[in-house]
>>> print(open('protein.cif').read())   # mmCIF, C-alpha atoms and all ligand atoms
data_input
#
loop_
_atom_site.label_atom_id
_atom_site.label_comp_id
_atom_site.auth_asym_id
_atom_site.auth_seq_id
_atom_site.Cartn_x
_atom_site.Cartn_y
_atom_site.Cartn_z
CA MET A 1 -1.66 -1.65 14.28
CA THR A 2 1.74 0.05 14.35
CA GLY A 3 2.87 3.03 12.31
CA ALA A 4 -0.68 4.35 12.22
CA SER A 5 0.16 8.06 12.26
CA ARG A 6 0.58 8.54 8.51
CA GLY A 7 1.12 6.99 5.11
CA ILE A 8 0.36 3.33 4.62
CA GLY A 9 -0.39 2.70 8.31
CA ARG A 10 -3.00 5.43 8.47
CA ALA A 11 -4.75 3.95 5.41
CA ILE A 12 -4.64 0.46 6.94
CA ALA A 13 -6.13 1.75 10.21
CA ARG A 14 -8.98 3.40 8.28
CA ARG A 15 -9.55 0.24 6.28
CA LEU A 16 -9.66 -2.05 9.35
CA ALA A 17 -12.08 0.32 11.06
CA THR A 18 -14.33 0.28 7.99
CA GLY A 19 -14.37 -3.50 8.30
CA GLY A 20 -15.74 -3.16 11.84
CA ALA A 21 -12.55 -3.57 13.90
CA THR A 22 -11.78 -1.56 17.00
CA VAL A 23 -8.40 -0.22 15.90
CA ILE A 24 -5.55 0.56 18.31
CA CYS A 25 -3.52 3.13 16.37
CA VAL A 26 0.10 3.04 17.51
CA ALA A 27 2.86 5.57 16.86
CA ARG A 28 5.26 7.62 18.95
CA GLY A 29 4.11 10.47 21.17
CA THR A 30 0.71 11.84 20.20
CA ASN A 31 1.24 11.16 16.49
CA ALA A 32 -1.53 8.55 16.11
CA GLU A 33 -4.21 10.74 17.68
CA ALA A 34 -5.23 12.39 14.40
CA THR A 35 -5.78 8.99 12.78
CA ALA A 36 -7.94 7.77 15.67
CA ALA A 37 -9.91 11.04 15.59
CA GLU A 38 -10.42 10.76 11.81
CA ILE A 39 -11.76 7.22 12.21
CA ALA A 40 -14.03 8.22 15.08
CA ALA A 41 -15.34 11.18 13.06
CA SER A 42 -16.36 8.84 10.25
CA GLY A 43 -18.21 6.48 12.59
CA GLY A 44 -15.48 3.92 13.32
CA VAL A 45 -13.93 2.90 16.62
CA ALA A 46 -10.27 3.70 17.18
CA LEU A 47 -7.95 4.56 20.05
CA ALA A 48 -4.54 6.16 19.84
CA HIS A 49 -1.67 4.64 21.77
CA SER A 50 1.86 5.92 22.17
CA ALA A 51 4.67 3.40 21.85
CA ASP A 52 8.10 3.20 20.29
CA VAL A 53 8.18 -0.24 18.67
CA THR A 54 11.88 -0.60 19.46
CA ASP A 55 11.05 -0.47 23.17
CA ALA A 56 10.23 -4.08 24.04
CA ALA A 57 8.71 -3.23 27.42
CA ALA A 58 6.43 -0.64 25.83
CA VAL A 59 5.30 -3.11 23.16
CA GLU A 60 4.57 -5.82 25.72
CA ALA A 61 2.61 -3.34 27.86
CA LEU A 62 0.69 -2.21 24.78
CA VAL A 63 -0.44 -5.73 23.90
CA LYS A 64 -1.19 -6.66 27.51
CA GLY A 65 -3.20 -3.46 28.02
CA THR A 66 -5.13 -4.02 24.79
CA VAL A 67 -6.15 -7.53 25.82
CA GLU A 68 -7.06 -6.42 29.35
CA THR A 69 -9.24 -3.60 28.04
CA HIS A 70 -10.85 -5.25 25.04
CA GLY A 71 -10.82 -8.90 26.06
CA ARG A 72 -9.12 -10.18 22.91
CA LEU A 73 -6.73 -9.39 20.08
CA ASP A 74 -7.86 -10.51 16.63
CA ILE A 75 -5.49 -8.73 14.23
CA LEU A 76 -1.90 -7.53 14.49
CA VAL A 77 -0.49 -5.39 11.68
CA SER A 78 3.24 -4.75 12.03
CA ASN A 79 3.72 -1.76 9.74
CA ALA A 80 6.02 0.75 11.48
CA GLY A 81 9.18 1.09 9.48
CA ILE A 82 12.07 3.41 8.67
CA ALA A 83 14.72 3.73 5.98
CA ARG A 84 18.27 5.03 6.47
CA ASP A 85 19.63 4.76 2.96
CA GLN A 86 23.34 4.77 2.20
CA LEU A 87 25.71 2.88 -0.04
CA MET A 88 27.23 -0.04 1.82
CA LEU A 89 30.78 1.31 2.05
CA ARG A 90 29.49 4.46 3.72
CA MET A 91 26.74 2.91 5.81
CA LYS A 92 27.13 3.58 9.51
CA ARG A 93 26.66 0.71 11.91
CA ALA A 94 23.99 2.78 13.69
CA ASP A 95 21.97 3.00 10.45
CA TRP A 96 22.09 -0.77 10.13
CA ASP A 97 21.12 -1.29 13.78
CA ASP A 98 18.27 1.26 13.78
CA VAL A 99 16.67 -0.13 10.63
CA LEU A 100 16.90 -3.73 11.82
CA ALA A 101 15.54 -2.78 15.26
CA THR A 102 12.51 -0.91 13.87
CA ASN A 103 11.67 -3.04 10.85
CA LEU A 104 12.52 -6.55 12.01
CA THR A 105 13.17 -6.89 15.75
CA ALA A 106 10.01 -4.92 16.54
CA ALA A 107 7.99 -7.48 14.57
CA PHE A 108 9.54 -10.21 16.72
CA THR A 109 8.57 -8.40 19.92
CA LEU A 110 5.06 -7.59 18.71
CA CYS A 111 4.35 -11.10 17.45
CA GLN A 112 5.68 -12.75 20.58
CA ALA A 113 3.38 -10.62 22.71
CA ALA A 114 0.35 -10.94 20.40
CA LEU A 115 0.65 -14.70 19.97
CA LYS A 116 -0.15 -15.42 23.61
CA PRO A 117 -3.76 -14.16 23.41
CA MET A 118 -4.20 -15.36 19.82
CA ILE A 119 -3.14 -18.92 20.65
CA LYS A 120 -5.46 -18.89 23.66
CA GLN A 121 -8.30 -17.68 21.43
CA ARG A 122 -7.44 -20.27 18.79
CA ALA A 123 -7.78 -17.46 16.24
CA GLY A 124 -5.73 -14.56 14.97
CA ARG A 125 -4.44 -12.69 11.95
CA ILE A 126 -0.91 -11.33 11.73
CA VAL A 127 0.09 -9.20 8.75
CA ALA A 128 3.59 -7.73 8.40
CA ILE A 129 4.50 -5.01 5.93
CA SER A 130 7.64 -5.91 4.02
CA SER A 131 8.71 -4.32 0.71
CA VAL A 132 9.51 -5.11 -2.89
CA VAL A 133 13.06 -4.17 -1.85
CA GLY A 134 13.15 -7.24 0.40
CA GLN A 135 12.35 -9.35 -2.66
CA MET A 136 14.56 -7.79 -5.32
CA GLY A 137 17.17 -5.72 -3.44
CA ASN A 138 18.01 -2.07 -4.11
CA ALA A 139 21.37 -0.30 -4.22
CA GLY A 140 21.78 1.96 -1.20
CA GLN A 141 19.32 -0.02 0.90
CA ALA A 142 21.29 -3.03 2.18
CA ASN A 143 19.98 -2.44 5.71
CA TYR A 144 16.38 -1.91 4.60
CA ALA A 145 16.45 -4.87 2.18
CA ALA A 146 17.89 -7.14 4.89
CA SER A 147 15.16 -6.11 7.33
CA LYS A 148 12.36 -6.59 4.81
CA ALA A 149 13.68 -9.93 3.48
CA GLY A 150 14.13 -10.99 7.11
CA LEU A 151 10.46 -10.27 7.77
CA ILE A 152 9.47 -12.66 4.99
CA GLY A 153 11.50 -15.55 6.42
CA PHE A 154 10.34 -14.72 9.93
CA CYS A 155 6.66 -14.75 8.93
CA LYS A 156 6.94 -18.01 6.99
CA ALA A 157 8.55 -19.73 9.98
CA LEU A 158 5.95 -18.31 12.33
CA ALA A 159 3.10 -19.28 10.00
CA ARG A 160 4.21 -22.91 10.26
CA GLU A 161 4.51 -22.71 14.06
CA VAL A 162 1.04 -21.35 14.76
CA ALA A 163 -1.13 -22.68 11.92
CA SER A 164 -2.47 -25.51 14.09
CA ARG A 165 -3.95 -22.82 16.39
CA GLN A 166 -5.75 -21.15 13.47
CA VAL A 167 -3.48 -18.12 13.59
CA THR A 168 -2.46 -16.97 10.12
CA VAL A 169 0.72 -15.02 9.39
CA ASN A 170 1.13 -13.26 6.07
CA VAL A 171 3.20 -10.53 4.48
CA VAL A 172 2.24 -7.66 2.23
CA ALA A 173 5.13 -6.44 0.08
CA PRO A 174 4.37 -2.98 -1.34
CA GLY A 175 6.20 -1.51 -4.29
CA LEU A 176 6.83 2.22 -4.45
CA VAL A 177 4.07 4.05 -2.57
CA GLU A 178 3.44 7.80 -2.26
CA THR A 179 4.08 8.59 1.44
CA ASP A 180 6.48 10.63 3.58
CA MET A 181 9.00 7.80 3.15
CA THR A 182 9.20 8.40 -0.61
CA ARG A 183 8.62 12.19 -0.49
CA THR A 184 12.30 13.02 -0.89
CA ILE A 185 12.51 11.10 -4.17
CA THR A 186 12.54 13.67 -7.00
CA GLU A 187 9.73 13.79 -9.58
CA ASP A 188 12.24 12.80 -12.29
CA VAL A 189 13.20 9.65 -10.39
CA LYS A 190 9.53 8.86 -9.67
CA ASN A 191 8.68 9.26 -13.37
CA ASP A 192 11.60 7.01 -14.24
CA TRP A 193 10.34 4.40 -11.77
CA SER A 194 6.81 4.68 -13.18
CA THR A 195 8.08 3.70 -16.62
CA ARG A 196 9.38 0.49 -15.03
CA ILE A 197 6.09 -0.29 -13.29
CA PRO A 198 3.80 -2.21 -15.67
CA LEU A 199 0.67 -0.59 -14.21
CA GLY A 200 2.28 2.79 -14.93
CA ARG A 201 2.02 4.57 -11.58
CA LEU A 202 3.22 4.55 -8.01
CA GLY A 203 0.98 2.85 -5.46
CA SER A 204 -1.30 4.66 -3.05
CA PRO A 205 -1.58 3.84 0.67
CA ASP A 206 -5.13 2.63 -0.03
CA ASP A 207 -3.79 0.09 -2.55
CA ILE A 208 -1.76 -1.47 0.25
CA ALA A 209 -4.54 -1.15 2.84
CA ALA A 210 -6.91 -3.13 0.60
CA ALA A 211 -4.51 -6.09 0.58
CA VAL A 212 -4.05 -5.94 4.34
CA GLY A 213 -7.80 -5.69 4.84
CA PHE A 214 -8.26 -8.84 2.80
CA LEU A 215 -5.57 -10.84 4.63
CA ALA A 216 -7.05 -9.75 7.96
CA SER A 217 -10.57 -10.78 6.95
CA ASP A 218 -12.52 -14.02 7.34
CA GLU A 219 -12.23 -14.53 3.57
CA ALA A 220 -8.47 -15.13 4.00
CA ALA A 221 -8.91 -17.89 6.60
CA TYR A 222 -7.15 -20.47 4.40
CA ILE A 223 -4.16 -18.28 3.48
CA THR A 224 -1.00 -18.39 5.59
CA GLY A 225 2.74 -17.98 5.06
CA GLN A 226 2.20 -15.98 1.89
CA VAL A 227 3.73 -12.84 0.48
CA LEU A 228 1.16 -10.70 -1.30
CA ALA A 229 3.02 -8.33 -3.63
CA VAL A 230 1.21 -5.04 -4.22
CA ASN A 231 3.66 -3.37 -6.56
CA GLY A 232 1.94 -2.59 -9.86
CA GLY A 233 3.82 -5.49 -11.41
CA MET A 234 7.26 -3.94 -10.83
CA TYR A 235 8.54 -7.26 -9.52
CA MET A 236 6.91 -10.56 -10.51
N1 LIG B 301 6.34 4.10 1.01
C1 LIG B 301 6.82 3.09 0.31
O1 LIG B 301 7.14 3.23 -0.89
C2 LIG B 301 6.96 1.73 0.94
C3 LIG B 301 7.26 0.67 0.09
C4 LIG B 301 7.39 -0.60 0.62
C5 LIG B 301 7.22 -0.80 1.98
N2 LIG B 301 6.94 0.26 2.80
C6 LIG B 301 6.79 -0.03 4.22
O2 LIG B 301 5.50 0.35 4.64
C7 LIG B 301 5.54 0.72 6.02
C8 LIG B 301 4.91 2.10 6.16
O3 LIG B 301 5.69 3.01 5.37
P1 LIG B 301 5.20 4.48 4.99
O4 LIG B 301 5.67 4.72 3.60
O5 LIG B 301 3.79 4.69 5.36
O6 LIG B 301 6.17 5.30 5.95
P2 LIG B 301 5.99 6.68 6.74
O7 LIG B 301 4.97 7.54 6.06
O8 LIG B 301 7.37 7.19 6.92
O9 LIG B 301 5.37 6.21 8.14
C9 LIG B 301 6.11 5.40 8.99
C10 LIG B 301 5.26 5.02 10.18
O10 LIG B 301 6.05 4.19 11.04
C11 LIG B 301 6.01 4.73 12.34
N3 LIG B 301 7.26 4.47 13.06
C12 LIG B 301 8.52 4.58 12.61
N4 LIG B 301 9.39 4.26 13.58
C13 LIG B 301 8.65 3.94 14.68
C14 LIG B 301 8.96 3.53 16.00
N5 LIG B 301 10.23 3.37 16.40
N6 LIG B 301 7.94 3.27 16.86
C15 LIG B 301 6.66 3.44 16.47
N7 LIG B 301 6.30 3.82 15.24
C16 LIG B 301 7.29 4.07 14.35
C17 LIG B 301 5.79 6.21 12.14
O11 LIG B 301 5.25 6.76 13.33
P3 LIG B 301 5.78 8.08 14.05
O12 LIG B 301 4.63 9.04 13.91
O13 LIG B 301 6.01 7.66 15.45
O14 LIG B 301 7.01 8.54 13.35
C18 LIG B 301 4.82 6.22 10.98
O15 LIG B 301 3.51 6.03 11.45
C19 LIG B 301 7.00 0.67 6.44
O16 LIG B 301 7.27 -0.57 7.06
C20 LIG B 301 7.74 0.75 5.12
O17 LIG B 301 9.01 0.16 5.18
C21 LIG B 301 6.80 1.52 2.30
#
>>> encode(input="protein.cif", output="structure tokens")
Amino acid sequence: MTGASRGIGRAIARRLATGGATVICVARGTNAEATAAEIAASGGVALAHSADVTDAAAVEALVKGTVETHGRLDILVSNAGIARDQLMLRMKRADWDDVLATNLTAAFTLCQAALKPMIKQRAGRIVAISSVVGQMGNAGQANYAASKAGLIGFCKALAREVASRQVTVNVVAPGLVETDMTRTITEDVKNDWSTRIPLGRLGSPDDIAAAVGFLASDEAAYITGQVLAVNGGMYM
């Protein structure tokens, strides 16, 4: 589970642990250690692992090591993501490249590595975290929207490729969620957004984690290639 150090990823890690999974919490440096410790303290099983998801060798080593240590890999959640917002005319090529590398290419690397054990097992759950912005667009986020829309196409194609091996691939598309990523948005802008969200509030990380927990569960065995929007109705 990538991006487990804070925000949505931390909530997903907690949720998967509550469901009985041994959760490998991935972030850079020692950042995921607090999440793993929190899970352990509440009776779950979690391990922290350091990896930069844009480093293909590190991602491949992570998946290989996980399978060697634990014998199998049942669930992959590709959640790590960044935003580098700028209007298109001012957007630097590096901001395009960094966002695509973290949000989209990392999912490619992770899935390619995770599919090997999952196909062998004839079982697996892959869940990628996209965004409402990948569905509806947003001014100032051409790079982010491209990466998140790309994830949707990527997951649908992959879902078709691996369905015969009982591996499901689904997407959760959150709306606006209260995390570090949205912390710089002013209260005025958040209030303005809330008036455009039918359910009248921003989402919480736990709202998103609940959807991921479901798609990763046995109950979702017959669901693949889907985009589950968790956005308070802001985009239907
Ligand atoms: N918040 C929202 O409103 C919202 C809405 C829709 C979709 N999303 C998506 O939900 C996901 C989680 O977002 P969030 O709001 O929880 O963001 P966040 O609080 O900023 O957390 C981002 C997570 O991604 C990890 N990460 C970033 N770059 C990484 C890299 N190169 N290698 C490894 N880990 C990396 C971070 O770990 P480090 O500790 O290593 O930095 C952190 O755990 C993202 O994909 C985001 O695009 C968020």
>>> closest_residue(input="protein.cif", among="A:Lys116, A:Leu100, A:Thr2, A:Ala41", to="Ala149 (chain A)", atoms="all atoms listed in the file")
A:Leu100
>>> residues_around(input="protein.cif", residues="Ala220 (chain A)", least_positions_apart="4", cutoff="12 Å", atoms="all atoms listed in the file", output="number ranges by chain")
A: 124-127, 166-170, 211-216, 224-226, 228
>>> write_last_selection(input="protein.cif", atoms="C-alpha atoms", output="PDB file, in the coordinates of the input")
ATOM      1  CA  GLY A 124      -5.730 -14.560  14.970  1.00  0.00           C
ATOM      2  CA  ARG A 125      -4.440 -12.690  11.950  1.00  0.00           C
ATOM      3  CA  ILE A 126      -0.910 -11.330  11.730  1.00  0.00           C
ATOM      4  CA  VAL A 127       0.090  -9.200   8.750  1.00  0.00           C
ATOM      5  CA  GLN A 166      -5.750 -21.150  13.470  1.00  0.00           C
ATOM      6  CA  VAL A 167      -3.480 -18.120  13.590  1.00  0.00           C
ATOM      7  CA  THR A 168      -2.460 -16.970  10.120  1.00  0.00           C
ATOM      8  CA  VAL A 169       0.720 -15.020   9.390  1.00  0.00           C
ATOM      9  CA  ASN A 170       1.130 -13.260   6.070  1.00  0.00           C
ATOM     10  CA  ALA A 211      -4.510  -6.090   0.580  1.00  0.00           C
ATOM     11  CA  VAL A 212      -4.050  -5.940   4.340  1.00  0.00           C
ATOM     12  CA  GLY A 213      -7.800  -5.690   4.840  1.00  0.00           C
ATOM     13  CA  PHE A 214      -8.260  -8.840   2.800  1.00  0.00           C
ATOM     14  CA  LEU A 215      -5.570 -10.840   4.630  1.00  0.00           C
ATOM     15  CA  ALA A 216      -7.050  -9.750   7.960  1.00  0.00           C
ATOM     16  CA  THR A 224      -1.000 -18.390   5.590  1.00  0.00           C
ATOM     17  CA  GLY A 225       2.740 -17.980   5.060  1.00  0.00           C
ATOM     18  CA  GLN A 226       2.200 -15.980   1.890  1.00  0.00           C
ATOM     19  CA  LEU A 228       1.160 -10.700  -1.300  1.00  0.00           C
TER      20      LEU A 228
END
>>> closest_residue(input="protein.cif", among="A:Thr30, A:Ser131, A:Thr184, A:Ser204", to="Leu151 (chain A)", atoms="all atoms listed in the file")
A:Ser131
>>> residues_around(input="protein.cif", residues="Glu38 (chain A)", least_positions_apart="5", cutoff="12 Å", atoms="only C-alpha atoms", output="PyMOL selection string")
chain A and resi 4-6+10-11+13-15+17-18+23+25+32-33+43-48
>>> closest_atom_pairs(input="protein.cif", of="chain A", to="ligand LIG 301 (chain B)", cutoff="8 Å", atoms="all atoms listed in the file", output="Markdown table")
| residue | atom | partner | partner_atom | distance |
| --- | --- | --- | --- | --- |
| A:Thr2 | CA | B:LIG301 | N7 | 6.0 |
| A:Gly3 | CA | B:LIG301 | O15 | 3.2 |
| A:Ala4 | CA | B:LIG301 | O15 | 4.6 |
| A:Ser5 | CA | B:LIG301 | O15 | 4.0 |
| A:Arg6 | CA | B:LIG301 | O15 | 4.9 |
| A:Gly7 | CA | B:LIG301 | O5 | 3.5 |
| A:Ile8 | CA | B:LIG301 | O5 | 3.8 |
| A:Gly9 | CA | B:LIG301 | O5 | 5.5 |
| A:Arg10 | CA | B:LIG301 | O15 | 7.2 |
| A:Val26 | CA | B:LIG301 | N7 | 6.6 |
| A:Ala27 | CA | B:LIG301 | O13 | 4.0 |
| A:Arg28 | CA | B:LIG301 | O13 | 3.6 |
| A:Gly29 | CA | B:LIG301 | O13 | 6.7 |
| A:Thr30 | CA | B:LIG301 | O12 | 7.9 |
| A:Asn31 | CA | B:LIG301 | O12 | 4.8 |
| A:Ala32 | CA | B:LIG301 | O12 | 6.6 |
| A:Ser50 | CA | B:LIG301 | C15 | 7.9 |
| A:Ala51 | CA | B:LIG301 | C15 | 5.7 |
| A:Asp52 | CA | B:LIG301 | N6 | 3.4 |
| A:Val53 | CA | B:LIG301 | N6 | 4.0 |
| A:Thr54 | CA | B:LIG301 | N5 | 5.3 |
| A:Asp55 | CA | B:LIG301 | N5 | 7.8 |
| A:Ser78 | CA | B:LIG301 | O16 | 7.6 |
| A:Asn79 | CA | B:LIG301 | O16 | 4.6 |
| A:Ala80 | CA | B:LIG301 | O10 | 3.5 |
| A:Gly81 | CA | B:LIG301 | O16 | 3.5 |
| A:Ile82 | CA | B:LIG301 | C12 | 5.4 |
| A:Ala83 | CA | B:LIG301 | O17 | 6.8 |
| A:Thr102 | CA | B:LIG301 | N5 | 5.5 |
| A:Asn103 | CA | B:LIG301 | O16 | 6.3 |
| A:Ile129 | CA | B:LIG301 | O16 | 5.4 |
| A:Ser130 | CA | B:LIG301 | C5 | 5.5 |
| A:Ser131 | CA | B:LIG301 | C4 | 3.9 |
| A:Val132 | CA | B:LIG301 | C4 | 6.1 |
| A:Val133 | CA | B:LIG301 | C4 | 7.1 |
| A:Tyr144 | CA | B:LIG301 | O17 | 7.7 |
| A:Lys148 | CA | B:LIG301 | O17 | 7.5 |
| A:Ala173 | CA | B:LIG301 | C4 | 6.3 |
| A:Pro174 | CA | B:LIG301 | C4 | 4.3 |
| A:Gly175 | CA | B:LIG301 | C3 | 5.0 |
| A:Leu176 | CA | B:LIG301 | O1 | 3.7 |
| A:Val177 | CA | B:LIG301 | O1 | 3.6 |
| A:Glu178 | CA | B:LIG301 | N1 | 5.7 |
| A:Thr179 | CA | B:LIG301 | O4 | 4.7 |
| A:Asp180 | CA | B:LIG301 | O7 | 4.2 |
| A:Met181 | CA | B:LIG301 | O8 | 4.2 |
| A:Thr182 | CA | B:LIG301 | N1 | 5.4 |
| A:Gly203 | CA | B:LIG301 | O1 | 7.7 |
| A:Pro205 | CA | B:LIG301 | O5 | 7.2 |
>>> closest_residue(input="protein.cif", among="A:Pro117, A:Gly200, A:Gly20, A:Gly134", to="Val171 (chain A)", atoms="all atoms listed in the file")
A:Gly134
>>> closest_residue(input="protein.cif", among="A:Leu104, A:Ala123, A:Leu199, A:Ala40", to="Ala146 (chain A)", atoms="all atoms listed in the file")
A:Leu104
>>> closest_residue(input="protein.cif", among="A:Ala221, A:Leu16, A:Ile208, A:Ala142", to="Arg93 (chain A)", atoms="only C-alpha atoms")
A:Ala142
>>> atom_distance(input="protein.cif", atom1="CA of Asn143 (chain A)", atom2="CA of Asp98 (chain A)")
9.0 Å
>>> atom_distance(input="protein.cif", atom1="CA of Trp96 (chain A)", atom2="CA of Met1 (chain A)")
24.1 Å
>>> closest_residue(input="protein.cif", among="A:Leu76, A:Ala139, A:His49, A:Ala101", to="Leu89 (chain A)", atoms="only C-alpha atoms")
A:Ala139
>>> build_atoms(input="protein.cif", residues="region 55-77 of chain A", atoms="N, CA and C atoms", output="PDB file, in the frame of the given file")
ATOM      1  N   ASP A  55      11.030  -0.348  21.702  1.00  0.00           N
ATOM      2  CA  ASP A  55      11.050  -0.470  23.170  1.00  0.00           C
ATOM      3  C   ASP A  55      10.224  -1.709  23.547  1.00  0.00           C
ATOM      4  N   ALA A  56      10.917  -2.803  23.817  1.00  0.00           N
ATOM      5  CA  ALA A  56      10.230  -4.080  24.040  1.00  0.00           C
ATOM      6  C   ALA A  56       9.234  -4.003  25.191  1.00  0.00           C
ATOM      7  N   ALA A  57       9.614  -3.323  26.260  1.00  0.00           N
ATOM      8  CA  ALA A  57       8.710  -3.230  27.420  1.00  0.00           C
ATOM      9  C   ALA A  57       7.440  -2.481  27.044  1.00  0.00           C
ATOM     10  N   ALA A  58       7.596  -1.431  26.250  1.00  0.00           N
ATOM     11  CA  ALA A  58       6.430  -0.640  25.830  1.00  0.00           C
ATOM     12  C   ALA A  58       5.514  -1.476  24.939  1.00  0.00           C
ATOM     13  N   VAL A  59       6.105  -2.274  24.062  1.00  0.00           N
ATOM     14  CA  VAL A  59       5.300  -3.110  23.160  1.00  0.00           C
ATOM     15  C   VAL A  59       4.548  -4.174  23.953  1.00  0.00           C
ATOM     16  N   GLU A  60       5.233  -4.792  24.906  1.00  0.00           N
ATOM     17  CA  GLU A  60       4.570  -5.820  25.720  1.00  0.00           C
ATOM     18  C   GLU A  60       3.432  -5.216  26.541  1.00  0.00           C
ATOM     19  N   ALA A  61       3.666  -4.021  27.083  1.00  0.00           N
ATOM     20  CA  ALA A  61       2.610  -3.340  27.860  1.00  0.00           C
ATOM     21  C   ALA A  61       1.438  -2.978  26.964  1.00  0.00           C
ATOM     22  N   LEU A  62       1.740  -2.577  25.752  1.00  0.00           N
ATOM     23  CA  LEU A  62       0.690  -2.210  24.780  1.00  0.00           C
ATOM     24  C   LEU A  62      -0.227  -3.402  24.505  1.00  0.00           C
ATOM     25  N   VAL A  63       0.368  -4.554  24.229  1.00  0.00           N
ATOM     26  CA  VAL A  63      -0.440  -5.730  23.900  1.00  0.00           C
ATOM     27  C   VAL A  63      -1.213  -6.202  25.125  1.00  0.00           C
ATOM     28  N   LYS A  64      -0.529  -6.223  26.267  1.00  0.00           N
ATOM     29  CA  LYS A  64      -1.190  -6.660  27.510  1.00  0.00           C
ATOM     30  C   LYS A  64      -2.375  -5.742  27.823  1.00  0.00           C
ATOM     31  N   GLY A  65      -2.149  -4.445  27.720  1.00  0.00           N
ATOM     32  CA  GLY A  65      -3.200  -3.460  28.020  1.00  0.00           C
ATOM     33  C   GLY A  65      -4.373  -3.609  27.058  1.00  0.00           C
ATOM     34  N   THR A  66      -4.069  -3.870  25.798  1.00  0.00           N
ATOM     35  CA  THR A  66      -5.130  -4.020  24.790  1.00  0.00           C
ATOM     36  C   THR A  66      -6.015  -5.212  25.135  1.00  0.00           C
ATOM     37  N   VAL A  67      -5.376  -6.312  25.503  1.00  0.00           N
ATOM     38  CA  VAL A  67      -6.150  -7.530  25.820  1.00  0.00           C
ATOM     39  C   VAL A  67      -6.951  -7.325  27.105  1.00  0.00           C
ATOM     40  N   GLU A  68      -6.325  -6.666  28.094  1.00  0.00           N
ATOM     41  CA  GLU A  68      -7.060  -6.420  29.350  1.00  0.00           C
ATOM     42  C   GLU A  68      -8.293  -5.553  29.108  1.00  0.00           C
ATOM     43  N   THR A  69      -8.131  -4.542  28.274  1.00  0.00           N
ATOM     44  CA  THR A  69      -9.240  -3.600  28.040  1.00  0.00           C
ATOM     45  C   THR A  69     -10.309  -4.160  27.134  1.00  0.00           C
ATOM     46  N   HIS A  70      -9.889  -4.851  26.078  1.00  0.00           N
ATOM     47  CA  HIS A  70     -10.850  -5.250  25.040  1.00  0.00           C
ATOM     48  C   HIS A  70     -11.184  -6.753  25.058  1.00  0.00           C
ATOM     49  N   GLY A  71     -10.463  -7.490  25.882  1.00  0.00           N
ATOM     50  CA  GLY A  71     -10.820  -8.900  26.060  1.00  0.00           C
ATOM     51  C   GLY A  71     -10.197  -9.842  25.051  1.00  0.00           C
ATOM     52  N   ARG A  72      -9.732  -9.310  23.916  1.00  0.00           N
ATOM     53  CA  ARG A  72      -9.120 -10.180  22.910  1.00  0.00           C
ATOM     54  C   ARG A  72      -8.286  -9.353  21.941  1.00  0.00           C
ATOM     55  N   LEU A  73      -7.527 -10.055  21.114  1.00  0.00           N
ATOM     56  CA  LEU A  73      -6.730  -9.390  20.080  1.00  0.00           C
ATOM     57  C   LEU A  73      -6.861 -10.239  18.815  1.00  0.00           C
ATOM     58  N   ASP A  74      -7.564  -9.720  17.833  1.00  0.00           N
ATOM     59  CA  ASP A  74      -7.860 -10.510  16.630  1.00  0.00           C
ATOM     60  C   ASP A  74      -6.841 -10.307  15.516  1.00  0.00           C
ATOM     61  N   ILE A  75      -6.351  -9.069  15.380  1.00  0.00           N
ATOM     62  CA  ILE A  75      -5.490  -8.730  14.230  1.00  0.00           C
ATOM     63  C   ILE A  75      -4.274  -7.951  14.731  1.00  0.00           C
ATOM     64  N   LEU A  76      -3.113  -8.336  14.261  1.00  0.00           N
ATOM     65  CA  LEU A  76      -1.900  -7.530  14.490  1.00  0.00           C
ATOM     66  C   LEU A  76      -1.344  -7.130  13.132  1.00  0.00           C
ATOM     67  N   VAL A  77      -1.173  -5.846  12.911  1.00  0.00           N
ATOM     68  CA  VAL A  77      -0.490  -5.390  11.680  1.00  0.00           C
ATOM     69  C   VAL A  77       0.804  -4.708  12.107  1.00  0.00           C
TER      70      VAL A  77
END
